[in-house]
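Below is data-v8.cif, holding mmCIF, C-alpha atoms and all ligand atoms.
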data_protein
#
loop_
_atom_site.label_atom_id
_atom_site.label_comp_id
_atom_site.auth_asym_id
_atom_site.auth_seq_id
_atom_site.Cartn_x
_atom_site.Cartn_y
_atom_site.Cartn_z
CA MET A 386 15.90 13.05 32.45
CA LEU A 387 18.67 10.56 33.10
CA LEU A 388 21.88 11.67 31.38
CA GLN A 389 24.42 8.91 30.80
CA GLU A 390 27.94 9.14 29.40
CA ASN A 391 29.99 6.93 27.08
CA VAL A 392 27.18 4.49 26.39
CA PRO A 393 28.04 1.70 23.88
CA LEU A 394 25.74 1.95 20.87
CA ALA A 395 26.41 -1.45 19.27
CA PRO A 396 23.97 -3.31 21.59
CA LEU A 397 21.29 -0.75 20.71
CA THR A 398 21.46 -1.66 17.02
CA THR A 399 20.42 -4.81 15.14
CA PHE A 400 23.81 -4.82 13.35
CA LEU A 401 25.58 -4.90 16.75
CA ILE A 402 28.19 -2.50 15.36
CA GLY A 403 29.43 0.91 16.49
CA GLY A 404 31.30 2.80 19.19
CA PRO A 405 29.91 4.74 22.16
CA ALA A 406 27.70 7.81 22.47
CA ARG A 407 29.49 10.61 24.34
CA PHE A 408 26.15 11.47 26.01
CA PHE A 409 22.97 9.39 26.02
CA VAL A 410 19.38 10.03 27.12
CA GLU A 411 16.37 7.75 26.86
CA ALA A 412 13.30 10.00 26.75
CA LYS A 413 9.96 8.55 27.81
CA SER A 414 7.94 11.78 27.50
CA VAL A 415 7.76 14.91 25.35
CA GLY A 416 9.09 16.87 28.34
CA GLU A 417 12.19 14.67 28.53
CA VAL A 418 12.76 15.04 24.78
CA GLN A 419 12.62 18.83 25.15
CA GLU A 420 14.97 18.74 28.15
CA ALA A 421 17.49 16.63 26.25
CA VAL A 422 17.35 18.97 23.24
CA THR A 423 17.99 21.96 25.53
CA PHE A 424 20.99 20.14 27.01
CA ALA A 425 22.43 19.45 23.53
CA ASN A 426 21.83 23.05 22.42
CA THR A 427 23.39 24.52 25.55
CA LYS A 428 26.49 22.37 25.20
CA GLU A 429 26.52 22.78 21.39
CA LEU A 430 26.51 19.02 20.96
CA PRO A 431 25.52 17.29 17.71
CA LEU A 432 22.25 15.44 18.25
CA PHE A 433 21.33 12.01 16.90
CA VAL A 434 17.80 10.67 17.35
CA LEU A 435 17.70 6.91 17.91
CA GLY A 436 14.74 4.57 17.59
CA GLY A 437 15.18 0.80 17.61
CA GLY A 438 18.56 0.95 15.85
CA SER A 439 17.46 -1.36 13.02
CA ASN A 440 18.40 0.86 10.10
CA LEU A 441 21.80 2.09 11.17
CA VAL A 442 25.50 1.69 10.56
CA VAL A 443 27.17 3.42 13.51
CA ALA A 444 30.82 4.51 13.18
CA ASP A 445 33.41 2.52 15.09
CA SER A 446 34.30 5.79 16.84
CA GLY A 447 30.67 6.21 17.92
CA TRP A 448 28.85 9.54 18.17
CA PRO A 449 30.64 12.60 19.60
CA GLY A 450 27.47 14.35 20.85
CA LEU A 451 24.13 13.38 22.37
CA VAL A 452 22.22 10.28 21.31
CA LEU A 453 18.57 10.73 22.20
CA LYS A 454 16.61 7.48 22.24
CA ILE A 455 12.89 8.09 21.82
CA ALA A 456 10.97 5.79 24.17
CA ILE A 457 7.55 7.52 24.35
CA PRO A 458 5.03 4.70 24.90
CA GLY A 459 1.31 4.23 24.28
CA ILE A 460 -1.23 2.93 21.78
CA ASP A 461 -4.49 4.90 22.06
CA ARG A 462 -7.54 4.08 19.99
CA HIS A 463 -9.94 6.98 19.40
CA PRO A 464 -13.48 6.26 20.52
CA GLY A 465 -15.69 5.76 17.46
CA ASP A 466 -14.55 5.87 13.84
CA ARG A 467 -13.81 8.83 11.56
CA ASP A 468 -14.87 8.65 7.90
CA GLY A 469 -15.04 4.86 8.19
CA LYS A 470 -11.53 4.59 9.63
CA THR A 471 -10.34 3.57 13.07
CA ILE A 472 -7.79 6.01 14.42
CA PHE A 473 -4.80 5.03 16.57
CA ASP A 474 -2.40 7.50 18.23
CA VAL A 475 0.85 5.68 18.86
CA GLY A 476 3.86 6.84 20.88
CA ALA A 477 7.07 7.05 18.81
CA GLY A 478 8.84 4.67 21.19
CA GLU A 479 6.40 1.77 20.77
CA PRO A 480 7.94 -1.18 18.95
CA TRP A 481 6.41 -1.15 15.47
CA ASP A 482 5.52 -4.83 15.43
CA ARG A 483 3.67 -4.52 18.73
CA PHE A 484 1.42 -1.93 17.13
CA VAL A 485 0.86 -4.14 14.06
CA SER A 486 -0.09 -7.02 16.34
CA HIS A 487 -2.48 -4.71 18.23
CA ALA A 488 -4.10 -3.48 14.99
CA VAL A 489 -4.54 -7.01 13.63
CA ALA A 490 -6.07 -8.19 16.92
CA ALA A 491 -8.50 -5.25 16.68
CA GLN A 492 -9.46 -6.48 13.14
CA CYS A 493 -8.13 -3.30 11.55
CA ALA A 494 -6.52 -3.60 8.11
CA GLY A 495 -3.77 -1.50 6.58
CA VAL A 496 -0.53 -2.56 8.25
CA GLU A 497 -0.74 -6.38 8.30
CA CYS A 498 1.86 -6.79 5.51
CA LEU A 499 4.28 -4.70 7.57
CA SER A 500 4.38 -7.38 10.27
CA GLY A 501 7.78 -8.31 11.60
CA ILE A 502 9.62 -5.13 10.58
CA PRO A 503 11.89 -4.26 13.48
CA GLY A 504 12.26 -0.81 14.99
CA SER A 505 10.04 1.82 16.50
CA VAL A 506 6.80 3.51 15.43
CA GLY A 507 8.55 6.91 15.36
CA ALA A 508 10.93 5.79 12.62
CA THR A 509 8.26 4.44 10.29
CA PRO A 510 7.47 7.80 8.63
CA VAL A 511 11.18 8.58 8.22
CA GLN A 512 11.84 6.18 5.35
CA ASN A 513 8.16 5.44 4.67
CA VAL A 514 8.58 1.85 5.81
CA GLY A 515 7.20 -0.66 3.37
CA ALA A 516 7.01 -4.36 2.57
CA TYR A 517 4.85 -6.88 0.70
CA GLY A 518 2.86 -4.21 -1.11
CA GLN A 519 2.09 -1.86 1.79
CA GLU A 520 3.75 1.38 2.90
CA VAL A 521 3.00 3.38 6.05
CA SER A 522 2.26 6.44 3.88
CA GLU A 523 -1.05 4.72 2.99
CA THR A 524 -2.23 4.69 6.61
CA ILE A 525 -0.45 7.57 8.33
CA ASP A 526 -2.98 10.26 9.09
CA SER A 527 -0.58 12.71 10.77
CA VAL A 528 2.71 12.96 12.63
CA GLU A 529 3.33 14.91 15.82
CA ALA A 530 6.88 16.17 15.93
CA LEU A 531 9.16 18.59 17.75
CA ASP A 532 10.32 21.11 15.17
CA LEU A 533 13.90 21.90 16.15
CA LYS A 534 13.96 24.91 13.81
CA HIS A 535 11.21 26.72 15.70
CA GLY A 536 11.39 24.87 19.02
CA GLN A 537 7.72 23.88 19.01
CA VAL A 538 5.60 20.75 18.80
CA ARG A 539 3.73 20.59 15.48
CA GLU A 540 1.33 18.32 13.73
CA LEU A 541 2.14 17.42 10.14
CA CYS A 542 -0.62 15.99 7.97
CA ASN A 543 0.15 13.10 5.59
CA GLU A 544 0.73 15.38 2.57
CA ALA A 545 3.17 17.56 4.53
CA CYS A 546 5.38 14.50 5.13
CA GLY A 547 6.22 14.25 1.40
CA PHE A 548 6.18 10.47 1.21
CA PHE A 549 7.80 8.57 -1.65
CA TYR A 550 9.46 5.16 -1.97
CA ARG A 551 11.70 4.85 1.13
CA SER A 552 11.65 8.59 1.65
CA SER A 553 9.87 11.51 3.25
CA ILE A 554 10.84 15.06 4.21
CA PHE A 555 12.31 13.51 7.39
CA ASN A 556 15.17 11.82 5.52
CA THR A 557 15.52 14.29 2.64
CA SER A 558 14.70 18.02 2.52
CA GLU A 559 14.08 18.41 6.29
CA ARG A 560 16.53 15.82 7.55
CA GLY A 561 17.45 16.49 11.20
CA ARG A 562 14.73 19.11 11.69
CA PHE A 563 11.98 17.04 13.34
CA ILE A 564 11.90 14.66 16.27
CA ILE A 565 8.84 12.46 15.82
CA LEU A 566 6.91 12.08 19.07
CA ARG A 567 3.70 10.36 18.03
CA VAL A 568 2.17 8.96 14.84
CA THR A 569 -1.55 8.75 14.05
CA TYR A 570 -2.68 5.89 11.80
CA ALA A 571 -6.08 5.56 10.12
CA LEU A 572 -6.92 1.87 9.60
CA THR A 573 -9.87 0.09 8.00
CA PRO A 574 -12.05 -1.72 10.53
CA GLY A 575 -13.01 -5.19 9.30
CA GLY A 576 -10.93 -4.65 6.14
CA GLU A 577 -9.55 -7.44 3.98
CA PRO A 578 -5.83 -8.22 4.09
CA HIS A 579 -3.72 -6.87 1.24
CA LEU A 580 -2.49 -9.82 -0.79
CA GLU A 581 -0.52 -8.44 -3.70
CA TYR A 582 2.96 -9.93 -3.49
CA ALA A 583 3.75 -13.21 -5.22
CA ASP A 584 5.35 -14.68 -2.07
CA LEU A 585 2.18 -14.10 -0.09
CA LYS A 586 -0.12 -15.38 -2.81
CA ARG A 587 2.01 -18.51 -3.10
CA HIS A 588 1.81 -19.05 0.65
CA PHE A 589 -1.97 -19.26 0.48
CA GLU A 590 -2.20 -21.16 -2.81
CA GLY A 591 -4.79 -23.92 -2.84
CA ARG A 592 -6.83 -22.51 0.04
CA GLU A 593 -10.56 -22.43 -0.38
CA THR A 594 -11.25 -19.51 1.94
CA PRO A 595 -9.39 -16.20 1.80
CA PRO A 596 -6.95 -15.63 4.69
CA ASN A 597 -7.86 -13.20 7.46
CA LEU A 598 -5.64 -10.45 8.86
CA ALA A 599 -4.12 -12.65 11.57
CA GLU A 600 -3.24 -15.39 9.07
CA THR A 601 -1.73 -12.81 6.74
CA ARG A 602 0.37 -11.42 9.58
CA GLU A 603 1.63 -14.90 10.45
CA ALA A 604 2.38 -15.64 6.78
CA VAL A 605 4.40 -12.43 6.42
CA ARG A 606 6.39 -13.22 9.58
CA HIS A 607 6.99 -16.75 8.32
CA ILE A 608 8.22 -15.55 4.91
CA ARG A 609 10.40 -12.89 6.56
CA ALA A 610 11.98 -15.48 8.89
CA ARG A 611 12.82 -17.67 5.89
CA LYS A 612 14.64 -14.68 4.35
CA GLY A 613 16.44 -13.67 7.55
CA MET A 614 14.33 -10.50 7.57
CA LEU A 615 12.83 -11.18 10.99
CA ILE A 616 14.96 -10.64 14.07
CA VAL A 617 15.26 -14.13 15.52
CA GLU A 618 17.47 -14.77 18.53
CA GLY A 619 20.40 -16.91 17.42
CA ASP A 620 19.90 -16.40 13.66
CA PRO A 621 23.19 -14.81 12.45
CA ASP A 622 21.45 -13.78 9.21
CA SER A 623 19.28 -11.32 11.12
CA ARG A 624 22.34 -9.48 12.52
CA SER A 625 21.93 -6.80 9.88
CA ALA A 626 20.30 -3.50 9.04
CA GLY A 627 17.76 -5.26 6.78
CA SER A 628 18.04 -4.61 3.04
CA PHE A 629 21.28 -2.73 2.51
CA PHE A 630 20.35 -1.22 -0.87
CA LYS A 631 17.15 0.34 -2.19
CA ASN A 632 15.56 -1.04 -5.34
CA PRO A 633 16.75 1.41 -8.01
CA VAL A 634 14.11 3.41 -9.87
CA LEU A 635 15.25 3.67 -13.48
CA SER A 636 14.50 6.00 -16.34
CA GLU A 637 13.22 4.47 -19.59
CA GLN A 638 16.69 4.91 -21.09
CA GLN A 639 18.47 3.25 -18.15
CA HIS A 640 16.01 0.39 -18.23
CA GLU A 641 16.67 -0.21 -21.94
CA ASP A 642 20.42 -0.11 -21.33
CA LEU A 643 20.09 -2.62 -18.50
CA LYS A 644 18.02 -4.98 -20.63
CA LYS A 645 20.69 -4.84 -23.37
CA ARG A 646 23.45 -5.60 -20.87
CA ALA A 647 21.44 -8.54 -19.54
CA ALA A 648 20.70 -9.86 -23.05
CA ALA A 649 24.43 -9.76 -23.87
CA LYS A 650 24.92 -12.16 -20.95
CA ASN A 651 21.93 -14.30 -21.93
CA LEU A 652 20.05 -13.10 -18.88
CA THR A 653 16.63 -11.54 -18.43
CA ILE A 654 15.90 -8.87 -15.85
CA PRO A 655 13.19 -10.37 -13.62
CA SER A 656 9.86 -8.64 -13.76
CA TYR A 657 7.61 -8.25 -10.72
CA PRO A 658 4.29 -6.42 -11.14
CA ALA A 659 4.74 -4.58 -7.83
CA LEU A 660 8.17 -3.27 -8.88
CA ASP A 661 7.37 -2.72 -12.56
CA ARG A 662 4.55 -0.35 -11.71
CA ASN A 663 7.10 2.21 -10.48
CA ARG A 664 9.88 1.20 -12.92
CA LYS A 665 11.84 -0.22 -10.01
CA ILE A 666 14.19 -3.14 -10.49
CA SER A 667 15.34 -5.70 -7.98
CA ALA A 668 18.54 -4.61 -6.21
CA ALA A 669 18.90 -8.19 -4.92
CA TRP A 670 19.06 -9.50 -8.51
CA LEU A 671 21.75 -6.96 -9.43
CA VAL A 672 23.81 -7.86 -6.36
CA GLU A 673 23.50 -11.61 -6.98
CA HIS A 674 24.41 -11.20 -10.65
CA SER A 675 27.52 -9.21 -9.80
CA GLY A 676 29.28 -12.03 -8.01
CA PHE A 677 27.84 -11.52 -4.53
CA SER A 678 25.71 -14.55 -3.93
CA ARG A 679 24.02 -15.49 -0.67
CA GLY A 680 26.55 -16.56 1.92
CA TYR A 681 29.39 -14.58 0.27
CA GLY A 682 31.79 -13.38 2.93
CA VAL A 683 35.04 -11.68 3.73
CA GLY A 684 36.04 -12.29 7.35
CA HIS A 685 33.61 -10.77 9.82
CA VAL A 686 31.27 -9.33 7.21
CA GLY A 687 29.21 -11.22 4.67
CA ILE A 688 25.99 -11.50 2.74
CA SER A 689 23.10 -13.25 4.41
CA THR A 690 22.78 -16.92 3.47
CA LYS A 691 19.04 -16.26 3.00
CA HIS A 692 18.88 -12.93 1.13
CA ALA A 693 21.38 -11.27 -1.21
CA LEU A 694 20.39 -7.79 -0.14
CA ALA A 695 21.37 -8.05 3.52
CA ILE A 696 24.93 -7.41 4.61
CA VAL A 697 25.41 -9.27 7.91
CA ASN A 698 27.74 -9.06 10.86
CA ARG A 699 29.10 -12.59 11.13
CA GLY A 700 30.56 -11.73 14.52
CA GLY A 701 32.98 -8.99 15.57
CA ALA A 702 32.45 -6.90 12.41
CA THR A 703 33.35 -3.22 12.33
CA ALA A 704 31.62 -0.38 10.50
CA THR A 705 34.80 0.03 8.44
CA GLU A 706 34.46 -3.56 7.19
CA VAL A 707 30.78 -3.05 6.38
CA LEU A 708 31.57 0.09 4.39
CA ALA A 709 34.32 -1.70 2.50
CA MET A 710 31.84 -4.38 1.44
CA LYS A 711 29.24 -1.76 0.53
CA ASP A 712 31.80 0.03 -1.70
CA GLN A 713 32.86 -3.23 -3.31
CA ILE A 714 29.25 -4.15 -4.17
CA GLN A 715 28.38 -0.66 -5.44
CA GLN A 716 31.46 -0.55 -7.68
CA ARG A 717 30.96 -4.00 -9.17
CA VAL A 718 27.23 -3.48 -9.81
CA GLU A 719 27.95 -0.15 -11.49
CA GLU A 720 30.73 -1.64 -13.63
CA LEU A 721 28.60 -4.55 -14.81
CA TRP A 722 25.13 -3.01 -14.99
CA GLY A 723 25.61 0.76 -15.19
CA VAL A 724 23.38 1.26 -12.12
CA ARG A 725 24.54 2.95 -8.91
CA LEU A 726 22.94 1.27 -5.90
CA GLU A 727 21.90 3.60 -3.11
CA PRO A 728 22.26 2.34 0.47
CA GLU A 729 19.13 2.18 2.60
CA PRO A 730 20.55 2.37 6.16
CA VAL A 731 21.50 5.63 7.84
CA PHE A 732 25.22 6.16 8.49
CA VAL A 733 25.83 7.62 11.95
CA GLY A 734 29.07 9.45 12.64
CA ILE A 735 30.44 8.35 9.26
C1 LIG B 801 15.95 -7.68 9.73
C2 LIG B 801 15.46 -6.35 9.24
C3 LIG B 801 14.41 -6.27 8.34
C4 LIG B 801 13.94 -5.04 7.87
N1 LIG B 801 12.91 -5.00 6.99
C5 LIG B 801 12.45 -3.82 6.52
C6 LIG B 801 11.36 -3.76 5.59
O1 LIG B 801 10.81 -4.77 5.20
N2 LIG B 801 10.95 -2.55 5.16
C7 LIG B 801 11.52 -1.38 5.59
O2 LIG B 801 11.08 -0.30 5.16
N3 LIG B 801 12.54 -1.39 6.46
C8 LIG B 801 13.03 -2.57 6.94
N4 LIG B 801 14.08 -2.60 7.81
C9 LIG B 801 14.72 -1.34 8.21
C10 LIG B 801 14.22 -0.78 9.56
O3 LIG B 801 13.65 -1.77 10.35
C11 LIG B 801 13.19 0.33 9.38
O4 LIG B 801 13.75 1.36 8.63
C12 LIG B 801 12.72 0.89 10.72
O5 LIG B 801 11.65 1.78 10.52
C13 LIG B 801 13.81 1.60 11.49
O6 LIG B 801 13.28 1.87 12.78
P1 LIG B 801 14.18 2.15 14.02
O7 LIG B 801 13.30 2.57 15.12
O8 LIG B 801 15.04 0.97 14.29
O9 LIG B 801 15.05 3.39 13.52
P2 LIG B 801 16.61 3.66 13.73
O10 LIG B 801 17.38 2.62 12.99
O11 LIG B 801 16.92 3.85 15.15
O12 LIG B 801 16.75 5.06 12.97
C14 LIG B 801 16.58 5.14 11.57
C15 LIG B 801 16.47 6.62 11.17
O13 LIG B 801 15.26 7.16 11.69
C16 LIG B 801 15.55 8.27 12.54
N5 LIG B 801 14.59 8.22 13.64
C17 LIG B 801 14.31 7.16 14.45
N6 LIG B 801 13.35 7.49 15.33
C18 LIG B 801 13.03 8.79 15.09
C19 LIG B 801 12.13 9.72 15.68
N7 LIG B 801 11.33 9.40 16.69
N8 LIG B 801 12.10 10.99 15.18
C20 LIG B 801 12.90 11.36 14.14
N9 LIG B 801 13.76 10.53 13.55
C21 LIG B 801 13.83 9.26 14.01
C22 LIG B 801 16.99 8.09 12.98
O14 LIG B 801 17.57 9.32 13.35
C23 LIG B 801 17.59 7.47 11.74
O15 LIG B 801 17.87 8.50 10.83
C24 LIG B 801 14.57 -3.83 8.31
C25 LIG B 801 15.65 -3.91 9.21
C26 LIG B 801 16.09 -5.14 9.67
C27 LIG B 801 17.23 -5.20 10.64
#
Give the structure from the file, written as structure tokens.
Amino acid sequence: MLLQENVPLAPLTTFLIGGPARFFVEAKSVGEVQEAVTFANTKELPLFVLGGGSNLVVADSGWPGLVLKIAIPGIDRHPGDRDGKTIFDVGAGEPWDRFVSHAVAAQCAGVECLSGIPGSVGATPVQNVGAYGQEVSETIDSVEALDLKHGQVRELCNEACGFFYRSSIFNTSERGRFIILRVTYALTPGGEPHLEYADLKRHFEGRETPPNLAETREAVRHIRARKGMLIVEGDPDSRSAGSFFKNPVLSEQQHEDLKKRAAAKNLTIPSYPALDRNRKISAAWLVEHSGFSRGYGVGHVGISTKHALAIVNRGGATATEVLAMKDQIQQRVEELWGVRLEPEPVFVGI
């Protein structure tokens, strides 16, 4: 285990924001993870588990304890199929999109719509990563994790992970308890791509033959790039933590109230089948209709020119500035629409 001190965290995040980690370890094996945890326990240091840094706002003062970056590699395909599914064991440190590319090349369906999402495999169960009508909860078979409560490696089956929209036990009831070491996915060999979202359907409009998995993957990456939701070198709109707010899930009453507020302004709340099914509404619409249009900016921090839901670092931004913009958006949306937006990224040291 290589222990480093005072390591800047900003370059390890997609937002490029945040101060240093007092101690830092990059663990490439389960043994190194365990060694790093023992070090943190012995020194009574707060521990933060880092993946690809794509869903974080790190404090300008950094992290006072140990930052443990999980870099366990490996994509292993089980020989033969199980109940008609092809099983992949993937190290938590593998870049997520590399695994998606691998699965698509192996003609296995189930994650193709999740192409282009930055970050590591180990973080995907944490907020039940999802996009374009797919969520990892649909294909995760089990998760191997170090249980810090009992100091042992455990396997959690899909049901034990408690998956919901953008949540699991790992970011709610058992937050901070598990370090994910490996994730097992069960994919459908030779399966059809999942084409549910309007954007994707539009992309393939007019085609005579249905798209295959590889074409679907490319389409998703193309659509994401257009929205600044693909990390592209030199694109300032991708210097973000992705969507900054979750799509709110409303009660019947709240939904009625929102519709009335919209009608009073001669507006209609947009309806998308994929959102309506779970009584979710578009956070991007609320943000845009609260005076924060694409390209809005205050100094170093702004809203992406391509997507109203992404707060971007226009260069030299601080976490303090990001939080100020977050507060401003939340307040205005609540004032106008009676809905409190919940941030999606994880705040570290804040
Ligand atoms: C441009 C862009 C587009 C995005 N698009 C999407 C999208 O479409 N859908 C979506 O769901 N998300 C999206 N995101 C958010 C982000 O990519 C995902 O949440 C991703 O899974 C985070 O992975 P990470 O490895 O970067 O995690 P990090 O940002 O490093 O960490 C996120 C959280 O997971 C925890 N964590 C990380 N690794 C582990 C581990 N091994 N064990 C335990 N806990 C761990 C961390 O402690 C932290 O709480 C986007 C982000 C960006 C920048």
Box centre and edge lengths (Å, one decimal), axis-aligned, ligand LIG 801 (chain B) plus 3 Å each side, as AutoDock Vina command-line options:
--center_x 14.3 --center_y 1.8 --center_z 10.9 --size_x 13.1 --size_y 25.0 --size_z 17.5
Exercise: residues within 9 Å of coordinate (-3.0, -2.0, 10.6), counting only C-alpha atoms, as a ChimeraX atom specification: /A:484-489,491-499,524,570-573
Sorted per-residue table, chain A near ligand LIG 801 (chain B), closest atoms and distance, 6 Å, only C-alpha atoms and all ligand atoms, as a Markdown table:
| residue | atom | partner | partner_atom | distance |
| --- | --- | --- | --- | --- |
| A:Thr399 | CA | B:LIG801 | C27 | 5.5 |
| A:Phe433 | CA | B:LIG801 | O14 | 5.8 |
| A:Val434 | CA | B:LIG801 | O14 | 4.2 |
| A:Leu435 | CA | B:LIG801 | O11 | 4.2 |
| A:Gly436 | CA | B:LIG801 | O11 | 3.4 |
| A:Gly437 | CA | B:LIG801 | O8 | 3.3 |
| A:Gly438 | CA | B:LIG801 | O11 | 3.4 |
| A:Ser439 | CA | B:LIG801 | O8 | 3.6 |
| A:Asn440 | CA | B:LIG801 | O10 | 3.5 |
| A:Leu441 | CA | B:LIG801 | O10 | 4.8 |
| A:Ile455 | CA | B:LIG801 | N7 | 5.5 |
| A:Ala477 | CA | B:LIG801 | N7 | 5.3 |
| A:Ile502 | CA | B:LIG801 | N1 | 4.9 |
| A:Pro503 | CA | B:LIG801 | O3 | 4.4 |
| A:Gly504 | CA | B:LIG801 | O8 | 3.4 |
| A:Ser505 | CA | B:LIG801 | O7 | 3.6 |
| A:Gly507 | CA | B:LIG801 | N7 | 4.0 |
| A:Ala508 | CA | B:LIG801 | N6 | 4.0 |
| A:Thr509 | CA | B:LIG801 | O5 | 4.3 |
| A:Val511 | CA | B:LIG801 | O13 | 5.5 |
| A:Val514 | CA | B:LIG801 | O2 | 3.4 |
| A:Gly515 | CA | B:LIG801 | O2 | 4.3 |
| A:Ala516 | CA | B:LIG801 | O1 | 4.6 |
| A:Phe563 | CA | B:LIG801 | C20 | 5.8 |
| A:Ile564 | CA | B:LIG801 | N8 | 3.8 |
| A:Ile565 | CA | B:LIG801 | N8 | 3.6 |
| A:Leu566 | CA | B:LIG801 | N7 | 5.7 |
| A:Met614 | CA | B:LIG801 | C1 | 3.9 |
| A:Leu615 | CA | B:LIG801 | C1 | 4.9 |
| A:Ile616 | CA | B:LIG801 | C1 | 5.3 |
| A:Ser623 | CA | B:LIG801 | C1 | 5.1 |
| A:Ser625 | CA | B:LIG801 | C27 | 5.0 |
| A:Ala626 | CA | B:LIG801 | C27 | 3.9 |
| A:Gly627 | CA | B:LIG801 | C26 | 3.3 |
| A:Val731 | CA | B:LIG801 | O15 | 5.5 |
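Pairwise distance (CA of His674 (chain A), CA of Leu580 (chain A)) equals 28.7 Å.
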Selection near Gln639 (chain A), 12 Å with all atoms listed in the file, sequence-local residues under 6 positions removed, as a ChimeraX atom specification: /A:633,645-646,664-666,722-725
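If you measure from each of A:Gln519, A:Asn513, A:Ala599, A:Met386 to Thr557 (chain A) using all atoms listed in the file, the closest one turns out to be A:Asn513.
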